[in-house]
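Trainee: Before I ask anything, here is the structure I am working with.
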Amino acid sequence: MESASRSVPGAQAIARAAALLRLVTASGHEGASLQELARSADLTRSTAHRLLSALRAEGLVDRDADSTRWMPGPELFLMGSVAAARYDVTALARDIVRSLAVKTEESAFLSVRRADETVCLLREEGSFPIRSFVLSEGVRFPLGVASAGLAILSFLPDHDVDAYLERHPDLETIWGLPHGERPLRGRLAETKERGYAVNPGLIVEGSWGLGAAVFDRSGRPEWALSLTGVGFRFGPDRIAGLGRTLLAHAHQLSARIANARR
């Protein structure tokens, strides 16, 4: 990847701008400050500002006049509307995600695989008053970190898993010891055997998650349904029932996607 970016004129600038664009969209309605974006993208403030200004001139990002925070721009909406016809499954999934939240009383989500990450597309609140706010629309996690990405990674071919881990040797450094290769491979094996992923508060202490892969027509895991909630709601007596409900909804969505795209 690095050698390719060197050989194509302007590729590095495009990659940096794309990284900033992802960070801005992940910040949601509140936006992000220049300092936050520069730090997250590992850029100087002047470089980040120059790239953001160029993106703003094209309508891809905007800056709030009062807070000076950077937010998604109107051109993204237009582009997204066109791309949605090909890539977006939220219309097919919305009632299933809502049903999952109603039946479990936990917050339910739909996430999509995007390269080596998952991106949350839908969030539906459950009725239980204490909630986890680790995940919301636009939030990204590397595969294998949140329960959605763990479920997707578990059902990829072994050679894809090996290649992913080779590309990301820093997961343990960034996300902690449980995300080292050995423990992560253990969770992948458990997920594949169980059918759904369990994240026992590894991102935020006390916030648990369950995830189940959703497959395309060719049998590849391209999406995931997940549940999050406070740890005491995910005890051993309840977690099996939640898992069965989650899997049933994931199977329903997989079938709906396959039938819709014939």
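Following the order of the structure tokens, first chain is A, next is B, and so on, with residues numbered from 1 inside each chain and ligands from 1 in the order they appear.
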Got a sec: who's within 12 Å of A:Ala32, counting only C-alpha atoms, leaving out chain neighbours fewer than 4 positions off, as a PyMOL selection string?
Mentor: chain A and resi 20-28+36-40+52+61-64+67-72
Trainee: For the structure I just gave you, how does DSSP split stretch 25-222 of chain A - specifically, which residues are strand (DSSP E or B)? Reply as a ChimeraX atom specification.
Mentor: /A:32,61-63,70-72,107-114,117-124,140-142,197-200,207-215,221-222
Trainee: Write to file, as a CSV table (one decimal), in the first residue's frame, the residues of the selection just made, with N, CA and C atoms.
Mentor:
chain,number,residue,atom,x,y,z
A,32,ALA,N,-16.0,17.6,15.1
A,32,ALA,CA,-14.7,17.4,15.7
A,32,ALA,C,-13.9,18.7,15.6
A,61,VAL,N,-17.0,18.6,3.6
A,61,VAL,CA,-17.1,18.9,5.0
A,61,VAL,C,-17.6,20.3,5.2
A,62,ASP,N,-18.0,20.7,6.4
A,62,ASP,CA,-18.4,22.0,6.7
A,62,ASP,C,-17.8,22.4,8.1
A,63,ARG,N,-17.8,23.6,8.4
A,63,ARG,CA,-17.3,24.1,9.7
A,63,ARG,C,-18.4,25.0,10.3
A,70,TRP,N,-15.6,20.8,12.8
A,70,TRP,CA,-15.8,20.3,11.5
A,70,TRP,C,-16.8,19.2,11.5
A,71,MET,N,-17.7,19.3,10.5
A,71,MET,CA,-18.8,18.4,10.4
A,71,MET,C,-19.0,17.9,8.9
A,72,PRO,N,-19.7,16.8,8.7
A,72,PRO,CA,-20.0,16.3,7.3
A,72,PRO,C,-20.7,17.4,6.5
A,107,SER,N,-30.1,-2.1,23.4
A,107,SER,CA,-29.8,-1.3,22.2
A,107,SER,C,-29.4,-2.2,21.1
A,108,ALA,N,-29.9,-2.1,19.9
A,108,ALA,CA,-29.6,-2.9,18.7
A,108,ALA,C,-29.0,-2.1,17.6
A,109,PHE,N,-28.2,-2.8,16.8
A,109,PHE,CA,-27.4,-2.1,15.8
A,109,PHE,C,-27.3,-2.9,14.5
A,110,LEU,N,-27.1,-2.2,13.4
A,110,LEU,CA,-26.7,-2.8,12.1
A,110,LEU,C,-25.3,-2.1,11.8
A,111,SER,N,-24.3,-2.9,11.5
A,111,SER,CA,-23.0,-2.4,11.1
A,111,SER,C,-22.7,-3.1,9.7
A,112,VAL,N,-21.9,-2.4,8.9
A,112,VAL,CA,-21.4,-2.9,7.7
A,112,VAL,C,-19.9,-3.0,7.7
A,113,ARG,N,-19.4,-4.0,7.0
A,113,ARG,CA,-17.9,-4.1,6.8
A,113,ARG,C,-17.5,-3.2,5.8
A,114,ARG,N,-16.5,-2.4,6.1
A,114,ARG,CA,-15.8,-1.5,5.1
A,114,ARG,C,-14.3,-1.7,5.2
A,117,GLU,N,-12.6,-2.5,8.7
A,117,GLU,CA,-13.4,-1.9,9.8
A,117,GLU,C,-14.9,-2.3,9.7
A,118,THR,N,-15.6,-2.0,10.7
A,118,THR,CA,-17.0,-2.0,10.7
A,118,THR,C,-17.5,-0.6,10.9
A,119,VAL,N,-18.6,-0.2,10.3
A,119,VAL,CA,-19.2,1.1,10.4
A,119,VAL,C,-20.6,0.9,10.8
A,120,CYS,N,-21.0,1.6,11.9
A,120,CYS,CA,-22.4,1.4,12.4
A,120,CYS,C,-23.3,2.2,11.5
A,121,LEU,N,-24.4,1.6,11.0
A,121,LEU,CA,-25.4,2.2,10.1
A,121,LEU,C,-26.7,2.6,10.8
A,122,LEU,N,-27.1,1.8,11.7
A,122,LEU,CA,-28.4,1.9,12.4
A,122,LEU,C,-28.3,1.7,13.8
A,123,ARG,N,-29.0,2.4,14.6
A,123,ARG,CA,-29.1,2.2,16.1
A,123,ARG,C,-30.5,2.3,16.5
A,124,GLU,N,-31.0,1.4,17.3
A,124,GLU,CA,-32.4,1.4,17.8
A,124,GLU,C,-32.3,1.2,19.3
A,140,ARG,N,-16.8,3.8,13.8
A,140,ARG,CA,-16.0,2.7,13.2
A,140,ARG,C,-15.2,2.0,14.3
A,141,PHE,N,-15.0,0.7,14.1
A,141,PHE,CA,-14.1,-0.1,14.9
A,141,PHE,C,-13.3,-1.0,13.9
A,142,PRO,N,-12.1,-1.3,14.2
A,142,PRO,CA,-11.4,-2.4,13.5
A,142,PRO,C,-12.1,-3.7,13.6
A,197,ALA,N,-20.8,-13.6,18.5
A,197,ALA,CA,-19.7,-13.0,19.2
A,197,ALA,C,-20.1,-12.4,20.6
A,198,VAL,N,-19.2,-12.5,21.5
A,198,VAL,CA,-19.4,-11.9,22.8
A,198,VAL,C,-18.3,-11.0,23.2
A,199,ASN,N,-18.6,-9.7,23.5
A,199,ASN,CA,-17.5,-8.8,23.9
A,199,ASN,C,-17.8,-8.4,25.4
A,200,PRO,N,-17.1,-9.0,26.3
A,200,PRO,CA,-17.3,-8.8,27.7
A,200,PRO,C,-16.7,-7.6,28.3
A,207,SER,N,-19.5,-2.5,29.7
A,207,SER,CA,-20.4,-2.4,28.6
A,207,SER,C,-20.2,-3.6,27.7
A,208,TRP,N,-21.2,-4.5,27.7
A,208,TRP,CA,-21.1,-5.8,27.0
A,208,TRP,C,-21.7,-5.7,25.6
A,209,GLY,N,-21.3,-6.6,24.7
A,209,GLY,CA,-21.9,-6.6,23.4
A,209,GLY,C,-22.0,-8.0,22.9
A,210,LEU,N,-23.0,-8.3,22.0
A,210,LEU,CA,-23.2,-9.5,21.3
A,210,LEU,C,-23.3,-9.1,19.8
A,211,GLY,N,-22.7,-10.0,18.9
A,211,GLY,CA,-22.8,-9.7,17.5
A,211,GLY,C,-23.0,-10.9,16.7
A,212,ALA,N,-23.7,-10.8,15.6
A,212,ALA,CA,-24.0,-12.0,14.7
A,212,ALA,C,-23.8,-11.5,13.3
A,213,ALA,N,-23.1,-12.3,12.5
A,213,ALA,CA,-22.8,-11.9,11.1
A,213,ALA,C,-24.0,-12.0,10.3
A,214,VAL,N,-24.1,-11.2,9.3
A,214,VAL,CA,-25.1,-11.2,8.2
A,214,VAL,C,-24.4,-11.4,6.9
A,215,PHE,N,-24.9,-12.3,6.1
A,215,PHE,CA,-24.2,-12.8,4.9
A,215,PHE,C,-24.8,-12.3,3.6
A,221,PRO,N,-19.6,-12.7,5.0
A,221,PRO,CA,-20.1,-11.9,6.1
A,221,PRO,C,-19.8,-10.4,5.8
A,222,GLU,N,-20.8,-9.7,5.4
A,222,GLU,CA,-20.6,-8.3,5.0
A,222,GLU,C,-21.2,-7.3,6.0
Trainee: To test your reading of the structure, identify every residue in stretch 217-259 of chain A that backbone DSSP assigns to alpha helix (DSSP H), and report it as a list of chain:residue names.
Mentor: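 Put together, the selection reads A:Pro236, A:Asp237, A:Arg238, A:Ile239, A:Ala240, A:Gly241, A:Leu242, A:Gly243, A:Arg244, A:Thr245, A:Leu246, A:Leu247, A:Ala248, A:His249, A:Ala250, A:His251, A:Gln252, A:Leu253, A:Ser254, A:Ala255, A:Arg256, A:Ile257, A:Ala258, A:Asn259.
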Trainee: Would you mind exporting N, CA and C atoms of the selected residues as a short mmCIF file (atom, residue, chain, number, x, y, z; two decimals), in the first residue's frame?
Mentor:
data_model
loop_
_atom_site.label_atom_id
_atom_site.label_comp_id
_atom_site.auth_asym_id
_atom_site.auth_seq_id
_atom_site.Cartn_x
_atom_site.Cartn_y
_atom_site.Cartn_z
N PRO A 236 -24.84 -15.24 32.52
CA PRO A 236 -24.89 -16.53 31.81
C PRO A 236 -26.29 -17.06 31.60
N ASP A 237 -27.22 -16.76 32.51
CA ASP A 237 -28.59 -17.27 32.37
C ASP A 237 -29.35 -16.57 31.26
N ARG A 238 -28.95 -15.36 30.92
CA ARG A 238 -29.68 -14.58 29.92
C ARG A 238 -28.98 -14.53 28.57
N ILE A 239 -27.68 -14.66 28.59
CA ILE A 239 -26.91 -14.41 27.37
C ILE A 239 -27.23 -15.42 26.27
N ALA A 240 -27.52 -16.67 26.66
CA ALA A 240 -27.85 -17.68 25.65
C ALA A 240 -29.15 -17.33 24.93
N GLY A 241 -30.13 -16.84 25.66
CA GLY A 241 -31.40 -16.43 25.05
C GLY A 241 -31.21 -15.23 24.14
N LEU A 242 -30.40 -14.27 24.57
CA LEU A 242 -30.10 -13.11 23.73
C LEU A 242 -29.40 -13.55 22.45
N GLY A 243 -28.48 -14.50 22.59
CA GLY A 243 -27.76 -14.99 21.42
C GLY A 243 -28.67 -15.66 20.42
N ARG A 244 -29.62 -16.47 20.91
CA ARG A 244 -30.55 -17.14 20.00
C ARG A 244 -31.43 -16.12 19.26
N THR A 245 -31.89 -15.11 19.99
CA THR A 245 -32.71 -14.07 19.37
C THR A 245 -31.91 -13.30 18.33
N LEU A 246 -30.67 -12.97 18.68
CA LEU A 246 -29.80 -12.25 17.76
C LEU A 246 -29.55 -13.05 16.48
N LEU A 247 -29.25 -14.34 16.63
CA LEU A 247 -29.00 -15.19 15.47
C LEU A 247 -30.23 -15.31 14.58
N ALA A 248 -31.40 -15.43 15.19
CA ALA A 248 -32.62 -15.55 14.40
C ALA A 248 -32.84 -14.30 13.55
N HIS A 249 -32.59 -13.14 14.12
CA HIS A 249 -32.75 -11.90 13.37
C HIS A 249 -31.68 -11.75 12.29
N ALA A 250 -30.46 -12.19 12.58
CA ALA A 250 -29.40 -12.14 11.59
C ALA A 250 -29.70 -13.06 10.41
N HIS A 251 -30.20 -14.26 10.70
CA HIS A 251 -30.58 -15.18 9.63
C HIS A 251 -31.71 -14.59 8.78
N GLN A 252 -32.66 -13.94 9.43
CA GLN A 252 -33.77 -13.32 8.71
C GLN A 252 -33.26 -12.23 7.76
N LEU A 253 -32.32 -11.42 8.23
CA LEU A 253 -31.79 -10.35 7.39
C LEU A 253 -30.95 -10.91 6.24
N SER A 254 -30.16 -11.95 6.51
CA SER A 254 -29.37 -12.58 5.44
C SER A 254 -30.28 -13.08 4.32
N ALA A 255 -31.38 -13.73 4.71
CA ALA A 255 -32.33 -14.25 3.72
C ALA A 255 -32.99 -13.12 2.95
N ARG A 256 -33.33 -12.04 3.64
CA ARG A 256 -33.98 -10.91 2.99
C ARG A 256 -33.04 -10.25 1.99
N ILE A 257 -31.77 -10.10 2.35
CA ILE A 257 -30.79 -9.50 1.43
C ILE A 257 -30.61 -10.39 0.20
N ALA A 258 -30.52 -11.68 0.41
CA ALA A 258 -30.34 -12.60 -0.73
C ALA A 258 -31.53 -12.53 -1.68
N ASN A 259 -32.72 -12.51 -1.14
CA ASN A 259 -33.94 -12.48 -1.97
C ASN A 259 -34.10 -11.15 -2.68
#
Trainee: If you measure from atom CA of A:Gly176 to atom CA of A:Val204, what distance in Å do you get, rounded to one decimal?
Mentor: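 Between these atoms lies a distance of 11.4 Å.
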Trainee: Could you check the closest approach to A:Leu184 for each of A:Ala17, A:Ala115, A:Val230, A:Val161 and tell me which residue wins, using only C-alpha atoms?
Mentor: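 Looking only at the distances to A:Leu184, the closest residue turns out to be A:Val161.
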Trainee: Write out as a list in words the residues lying within 12 Å of A:Asp162, counting only C-alpha atoms and excluding same-chain residues fewer than 5 positions away.
Mentor: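 The neighbour list is Leu153, Ser154, Leu156, Pro157, Arg167, His168, Pro169, Glu181, Arg182, Leu184, Arg185 and Leu188 of chain A.
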Trainee: Put those residues in a file: N, CA, C and O atoms, as a PDB file, in the first residue's frame.
Mentor:
ATOM      1  N   LEU A 153     -15.302 -11.069  11.326  1.00  0.00           N
ATOM      2  CA  LEU A 153     -13.968 -11.642  11.156  1.00  0.00           C
ATOM      3  C   LEU A 153     -13.978 -13.154  11.389  1.00  0.00           C
ATOM      4  O   LEU A 153     -13.247 -13.893  10.714  1.00  0.00           O
ATOM      5  N   SER A 154     -14.811 -13.614  12.302  1.00  0.00           N
ATOM      6  CA  SER A 154     -14.863 -15.037  12.629  1.00  0.00           C
ATOM      7  C   SER A 154     -15.286 -15.897  11.455  1.00  0.00           C
ATOM      8  O   SER A 154     -14.877 -17.059  11.347  1.00  0.00           O
ATOM      9  N   LEU A 156     -14.904 -15.066   8.154  1.00  0.00           N
ATOM     10  CA  LEU A 156     -14.093 -14.904   6.950  1.00  0.00           C
ATOM     11  C   LEU A 156     -13.204 -16.133   6.775  1.00  0.00           C
ATOM     12  O   LEU A 156     -12.885 -16.821   7.747  1.00  0.00           O
ATOM     13  N   PRO A 157     -12.793 -16.424   5.536  1.00  0.00           N
ATOM     14  CA  PRO A 157     -11.871 -17.555   5.318  1.00  0.00           C
ATOM     15  C   PRO A 157     -10.592 -17.378   6.138  1.00  0.00           C
ATOM     16  O   PRO A 157     -10.161 -16.251   6.410  1.00  0.00           O
ATOM     17  N   ARG A 167      -1.712  -7.419   8.707  1.00  0.00           N
ATOM     18  CA  ARG A 167      -1.805  -5.982   8.404  1.00  0.00           C
ATOM     19  C   ARG A 167      -1.950  -5.132   9.660  1.00  0.00           C
ATOM     20  O   ARG A 167      -1.685  -3.921   9.635  1.00  0.00           O
ATOM     21  N   HIS A 168      -2.405  -5.745  10.740  1.00  0.00           N
ATOM     22  CA  HIS A 168      -2.701  -4.965  11.958  1.00  0.00           C
ATOM     23  C   HIS A 168      -2.022  -5.568  13.187  1.00  0.00           C
ATOM     24  O   HIS A 168      -2.691  -6.026  14.130  1.00  0.00           O
ATOM     25  N   PRO A 169      -0.702  -5.548  13.216  1.00  0.00           N
ATOM     26  CA  PRO A 169       0.005  -6.080  14.386  1.00  0.00           C
ATOM     27  C   PRO A 169      -0.120  -5.187  15.615  1.00  0.00           C
ATOM     28  O   PRO A 169       0.309  -5.574  16.710  1.00  0.00           O
ATOM     29  N   GLU A 181      -2.837 -11.224  19.207  1.00  0.00           N
ATOM     30  CA  GLU A 181      -3.227 -12.252  18.236  1.00  0.00           C
ATOM     31  C   GLU A 181      -3.733 -13.531  18.899  1.00  0.00           C
ATOM     32  O   GLU A 181      -4.756 -14.085  18.484  1.00  0.00           O
ATOM     33  N   ARG A 182      -3.060 -13.997  19.920  1.00  0.00           N
ATOM     34  CA  ARG A 182      -3.461 -15.273  20.535  1.00  0.00           C
ATOM     35  C   ARG A 182      -4.843 -15.204  21.180  1.00  0.00           C
ATOM     36  O   ARG A 182      -5.704 -16.039  20.882  1.00  0.00           O
ATOM     37  N   LEU A 184      -7.189 -13.047  20.603  1.00  0.00           N
ATOM     38  CA  LEU A 184      -8.171 -12.730  19.572  1.00  0.00           C
ATOM     39  C   LEU A 184      -8.525 -13.977  18.766  1.00  0.00           C
ATOM     40  O   LEU A 184      -9.705 -14.222  18.475  1.00  0.00           O
ATOM     41  N   ARG A 185      -7.528 -14.771  18.424  1.00  0.00           N
ATOM     42  CA  ARG A 185      -7.817 -16.009  17.702  1.00  0.00           C
ATOM     43  C   ARG A 185      -8.683 -16.943  18.548  1.00  0.00           C
ATOM     44  O   ARG A 185      -9.539 -17.671  18.022  1.00  0.00           O
ATOM     45  N   LEU A 188     -12.180 -15.700  18.218  1.00  0.00           N
ATOM     46  CA  LEU A 188     -12.695 -16.014  16.885  1.00  0.00           C
ATOM     47  C   LEU A 188     -13.182 -17.460  16.825  1.00  0.00           C
ATOM     48  O   LEU A 188     -14.251 -17.739  16.263  1.00  0.00           O
TER      49      LEU A 188
END
Trainee: Give the answer as one residue: which of A:Ile203, A:Leu60, A:Ala91, A:Val97 has the shortest atom-to-atom distance to A:Met79, using only C-alpha atoms?
Mentor: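 With only C-alpha atoms as the atom set, the closest residue is A:Leu60.
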Trainee: Using only C-alpha atoms, which of A:Gly138, A:Ala260, A:Ala189, A:Gly235 sits nearest A:His29?
Mentor: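 Closest candidate: A:Gly138.
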Trainee: Using only C-alpha atoms for the distances, tell me which of A:Gly201, A:Gly144, A:Gly149, A:Gly195 is nearest to A:His179.
Mentor: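 Checking each candidate against A:His179, we get A:Gly144 as the closest.
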Trainee: Taking only C-alpha atoms into account, which of A:Ala65, A:Leu55, A:Val139, A:Leu150 comes nearest A:Ala224?
Mentor: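 The closest residue to A:Ala224 is A:Leu150.
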Trainee: As an exercise, work out the distance from atom CA of A:His159 to atom CA of A:Glu172 in Å and give it to one decimal place.
Mentor: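 Computed distance, atom CA of A:His159 to atom CA of A:Glu172, equals 20.4 Å.
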